[in-house]
Each structure stands twice: as structure tokens, then as C-alpha cells.
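Enquirer: I have a structure here, written as C-alpha cells, and I will follow up with some questions on it.
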Amino acid sequence: MCEPHSCGILYIMEWRYIAGFFDGEGSLGHNGKGFRITISQTNIEVLSAIQRYCGVGDIIEITKRKPHWKDSWVYYISTQKEVYYFLQKIKPWVIVKRSRVRHVLDELREYLKRITIRKRLVKKLAERSIRLRHRGLTYREIGRRVAADHSYIRRLIMKNS
């Protein structure tokens with residue numbers, strides 16, 4: 001896929017190009033809640049081309065701290081599922097950050113499995129609670145039967161009804 005640059009240069013966008021770009025300009029960090037990928041750059045066109053090709057992430061403008069500095073932007077991906085997708089795609093071509101990418105992929109794989117299991121359990125709890133509510137039980141009674149807080153059960157029923 002080629003993207004025309006404003007100067008007439010074509011970017012040939014491929015995952016291996018993005019992997020190299022990430023290796024040199026990007027970072028893979030953990031912010032306490034999850035993993036985040038960032039690529040800082042003064043060329044908005046290349047970041048936009050990467051974002052379009054990947055189909056995930058956002059671009060934000062960085063505020064200049066000194067007036068003589070160039071404008072700059074950061075392409076970032078913070079949704080764990082999207083971070084996993086991005087890392088899976090670039091994994092075969094990453095060199096400098098290879099061990100970090102592998103480690104994070106292993107952690108994210110386990111995290112996404114746990115999230116999937118939790119979603120299934122919550123769905124089953126919601127279905128059971130809704131059935132009990134239709135039988136005329138109060139939220140407190142349902143909470144006792146399913147061993148959960150009654151206010152959580154109320155929110156769950158209202159969200160899923």
C-alpha cells in the first residue's frame with residue numbers, strides 16, 4: 001500500500017517497515033493499567049500512514065515546551081487487544097525490541113484469556129440473575145443466591161435487560 005507524501009515521496013507501508021520504525025522510534029511501556037505502544041515523530045504524514053495501515057491507535061499532537069522546537073506527534077495504542085494485535089503483526093521483523101515484544105505478547109495472551117473467561121462468567125451471572133428477577137426475587141435475594149453484592153446485581157440486570 002502506497003501513501004503519497006506531501007513532497008511527492010511514496011511510503012511503502014508494510015508490517016516489516018512498521019516494525020523497523022517501531023524498533024528505532026517507538027517504545028513499549030506499562031502505565032500501571034496495561035501496556036502502551038508509542039511512536040514519537042515530527043513527521044505527521046508517516047504516522048498517519050502507519051495508523052491507516054494498522055487500523056488501530058490514535059495520533060496526538062505534543063505541545064512544544066520551547067518555541068524553537070519542531071511540531072511533533074505521538075502515535076499511540078493503549079487498548080490491550082490492539083496492542084496485542086500490533087505486536088503480533090510486527091513480531092517477525094522486530095530486532096532491537098524482540099525480547100520485550102515476546103515477553104509482552106506472552107503477558108497479553110494470558111491477560112486476554114482471563115478477560116474472555118471473566119466476560120463469560122459475568123454473562124452467565126447476568127442471565128441467571130435476570131431469570132431470578134423475572135421470578136419476582138428482589139435484588140438482595142438474588143445477591144444472596146448468587147453470592148454477589150445486591151447493588152452489583154442490580155447494575156448487571158439493568159445493563160443486560
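Starting from 1 in every chain, residues are counted up; chains themselves are A, B, ... following the order of the C-alpha cells, and ligands are numbered from 1 as listed.
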Using only C-alpha atoms, which protein or nucleic acid residues come within 12 Å of segment 129-131 of chain A? Drop anything in the same chain fewer than 6 positions from it, and give the result as a list in words.
Expert: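 Close residues of segment 129-131 of chain A: Val122, Lys123, Leu137, Thr138, Tyr139, Arg140, Glu141, Ile142, Gly143, Arg144, Arg145, Val146, Ala147, Ala148, Asp149, His150, Tyr152, Ile153, Arg154, Arg155, Leu156, Ile157, Met158, Lys159, Asn160 and Ser161 of chain A.
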Enquirer: Save the residues we just selected, C-alpha atoms, as a CSV table (one decimal), in the first residue's frame?
Expert:
```
chain,number,residue,atom,x,y,z
A,122,VAL,CA,-20.4,-12.3,34.0
A,123,LYS,CA,-22.7,-13.1,31.1
A,137,LEU,CA,-37.0,-12.0,43.6
A,138,THR,CA,-35.5,-8.8,45.0
A,139,TYR,CA,-32.0,-7.7,44.2
A,140,ARG,CA,-31.0,-8.6,47.7
A,141,GLU,CA,-32.4,-12.1,47.4
A,142,ILE,CA,-30.7,-12.6,44.1
A,143,GLY,CA,-27.4,-11.3,45.6
A,144,ARG,CA,-27.7,-13.9,48.4
A,145,ARG,CA,-28.4,-16.7,46.0
A,146,VAL,CA,-25.6,-15.9,43.6
A,147,ALA,CA,-23.1,-14.8,46.3
A,148,ALA,CA,-22.7,-11.3,44.9
A,149,ASP,CA,-23.4,-7.7,46.1
A,150,HIS,CA,-27.0,-6.8,45.5
A,152,TYR,CA,-23.8,-5.1,41.5
A,153,ILE,CA,-26.6,-7.5,40.6
A,154,ARG,CA,-29.0,-4.5,40.1
A,155,ARG,CA,-26.5,-2.8,37.8
A,156,LEU,CA,-25.8,-6.1,35.9
A,157,ILE,CA,-29.6,-6.7,35.4
A,158,MET,CA,-30.3,-3.2,34.3
A,159,LYS,CA,-27.3,-3.2,31.9
A,160,ASN,CA,-28.3,-6.6,30.3
A,161,SER,CA,-32.1,-6.3,30.3
```
Enquirer: Which polymer residues have any atom within 10 Å of an atom of Cys54 of chain A, counting only C-alpha atoms, with same-chain residues fewer than 2 positions away left out, as a list in words?
Expert: Met13, Glu14, Trp15, Ile18, Ser48, Ala49, Ile50, Gln51, Arg52, Val56, Gly57, Glu82, Tyr85, Phe86 and Lys89 of chain A
Enquirer: At a cut-off of 9 Å, using only C-alpha atoms, what residues contact segment 28-45 of chain A? Leave out same-chain residues fewer than 6 positions from it and give the result as a PyMOL selection string.
Expert: chain A and resi 3-6+21-22+57+59+70-80+83+86+97+100-101+104+108
Enquirer: DSSP on the backbone, strand (DSSP E or B) only: what residues of segment 35-138 of chain A does that give? Format it as a PyMOL selection string.
Expert: chain A and resi 35-41+58-62+72-77
Enquirer: From a DSSP calculation on the backbone, collect every residue of chain A in helix (DSSP H, G or I) and output the set as a ChimeraX atom specification.
Expert: /A:15-25,44-54,80-93,98-134,139-146,150-160
Enquirer: Rounded to one decimal in Å, what is the spacing between atom CA of Ile12 of chain A and atom CA of Val96 of chain A?
Expert: 21.6 Å
